[in-house]
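Asker: Please find one structure pasted underneath; my questions will follow.
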Amino acid sequence: MTAPSFYVTTPIYYANGSPHIGSLYTTVVADFLARYHRLAGDTTFFLTGLDEHGEKIFQTAQARGTSPQPFVDELAERFQQTWQTFNISYDIFMRTTDLEHGRIVRHVLEQVYAAGDIYFAEYEGRYCVGCERFLTEKELVDDLCPDHSVAPELRHEGNWFFRMERYRPWLRAELLAQPELIGPERYRNETLAMLSEPIGDLSISRPRARVPWGIPLPWDDEQVTYVWFDALLNYLSALDYPTGAAYGTFWPSVQHLIGKDILKPHAIFWPTMLRAMGVPLYRRLLVGGFLLGADGRKMSKSLGNVVDPFALAERYGADAVRYYLLREFPYGQDGAVSEAGLRERSAADLANTLGNLVNRLRVMLLRYRDGAVPLFFPDAALLAEGNDLVAAVTALVAEMRIHLALERIMRFVQTLNRYVDDRHPWELARDPARSDDLDTVLASLFTGLDIASILLTPAMPGKMSELRSSLGLAAAASFAEGRTVEPGTRIPVEAGILFPKGA
Ligand code: MSP
């Protein structure tokens, strides 16, 4: 039997500024899922990368007095370094200026053009450079783009158009037939509302004279490919579509993670493009909320409420930041980020619950058993609870309720802490006749921490590997293994403090 496949993508971020908490958040969620599926034994592929074409990037590079290619090259390096700091285990870092990507974009354009789905027309509309798309009158709030608070420019120009409207009835029917296609549900409803009236055709080119930074159309050298048409195709070009083996393996399982501001390109443009190309629709589109400043308002420099995740990582460690983002914010909802929130969460869950238990177990093993892990049967009730936990966490992760999955795991660790309090191992240690009872307690805690640390590895890969090595265990490699200890396993005498209190 071949292992199921799992393909997860983040949006490819605009290469016009440094990574920030929004890009970090989506990337951490994707990394959690990729690591989770790898541990579950699935054949996994995790894509992130950069969106390097378009007006916004061209203008930013110009404003910095540089040309676009060196500008995006430098940002690519900065993003990759950041992902390394946060232990992001991507399989591919896509860049849309990659020549191979350009070749595939031109191939798709030719195919869709030959099929009669692309035509030339004059167009007038309101363009937001921040969104890199024309906005409809209905989308404007007080004549401004609601996401960027600027008045979109009125533009009149000749563009090539993709017959998107033609695919509206099909897309609507797909969404109605597949309730799980877009989640959480309110974004599915938002998409259905957009599809209940004409969506129009999509302008897919820009005059090169105005935007000299993009992939030229194969049949019209005066026009370059519209940045969204180019960028969305990265999800396929990464798999070497249409002939690559990776395309056959991974495409059917693809799940896209996005923020709510880019719902329309992913829920409307992308599926209709896929349909025109004859490529099956993605498996799931998962829409995340926005992280806001501590005051609950959109982060902005002028409000002074911007939280810098990199400063937090320096102070508290990358894994504490990862854990906070995953545990605190239900996926799909907006949430206010604050340093105080991170501190409280880390103190309660990481230092006082998990770190405390590891420390207690290590001290007892070293004091009572000379560091040797007892090969004893764990307490049956605790073991059953641990096994139930694996099933419960798997179900919660599949429903994208990652915060609840982590809560469940921490509740189990609390149970283990209570078990120590109830069993009074320090008294058992004083009575040689109860040595077996003490072995049961120690073996139960050890097994419990083995299970909990495997399950927490996707959230905190670095810290869990430290935790495990402080108990003489190898880094988690699979959910299937574990709960078996080599006879004679000894824990190291020295181990650093896993989660310093009050950092
Ligand atoms: N380049 C496009 C995506 C193309 S995908 C084919 C783009 N890039 S972006 O850099 O502007 O945004 C990337 C993602 O970051 C979006 O999903 C956006 O929702 C997310 N975030 C930006 N700020 C955010 C927060 N404050 N909170 C959470 N996510 C937010 O759009």
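Going by the structure tokens order, chains are called A, B, ..., each with residues numbered from 1, while ligands are numbered from 1 in the order shown.
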Show me which residues are within 7 Å of ligand 1 counting only C-alpha atoms and all ligand atoms, and format the list as a PyMOL selection string.

Answerer: chain A and resi 11-14+21-23+25-26+51+228+231-232+234+258-262+288-292+298-299

Asker: Which polymer residues have any atom within 10 Å of an atom of A:Tyr368, counting only C-alpha atoms, with same-chain residues fewer than 6 positions away left out, as a list of chain:residue names?

Answerer: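 Listing them by chain and then by number gives A:Arg362, A:Pro425, A:Trp426, A:Ala429, A:Arg430, A:Ser435, A:Leu438, A:Asp439, A:Leu442.
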
Asker: What does the distance from atom CA of A:Glu122 to atom CA of A:Glu157 come to in Å, to one decimal?

Answerer: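 Distance between the two atoms: 5.6 Å.
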
Asker: Using only C-alpha atoms, can you tell me which of A:Ala245, A:Ala238, A:Leu416, A:Ala3 comes closest to A:Met94?

Answerer: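 Using only C-alpha atoms, the shortest distance to A:Met94 belongs to A:Ala238.
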
Asker: Give the answer as one residue: which of A:Pro4, A:Gly304, A:Pro461, A:Gly125 has the shortest atom-to-atom distance to A:Pro252, using only C-alpha atoms?

Answerer: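 The shortest atom-to-atom distance to A:Pro252 comes from A:Pro4.
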
Asker: When you count only C-alpha atoms, which of these residues is closest to A:Val287: A:Glu185, A:Glu328, A:Asp42, A:Glu139?

Answerer: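 Among the listed residues, A:Glu185 lies closest to A:Val287.
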
Asker: Which is closer to A:Glu100 than all the others in A:Ser67, A:Thr85, A:Ser237, A:Gln223, using only C-alpha atoms?

Answerer: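 Of A:Ser67, A:Thr85, A:Ser237, A:Gln223, the one nearest A:Glu100, counting only C-alpha atoms, is A:Ser237.
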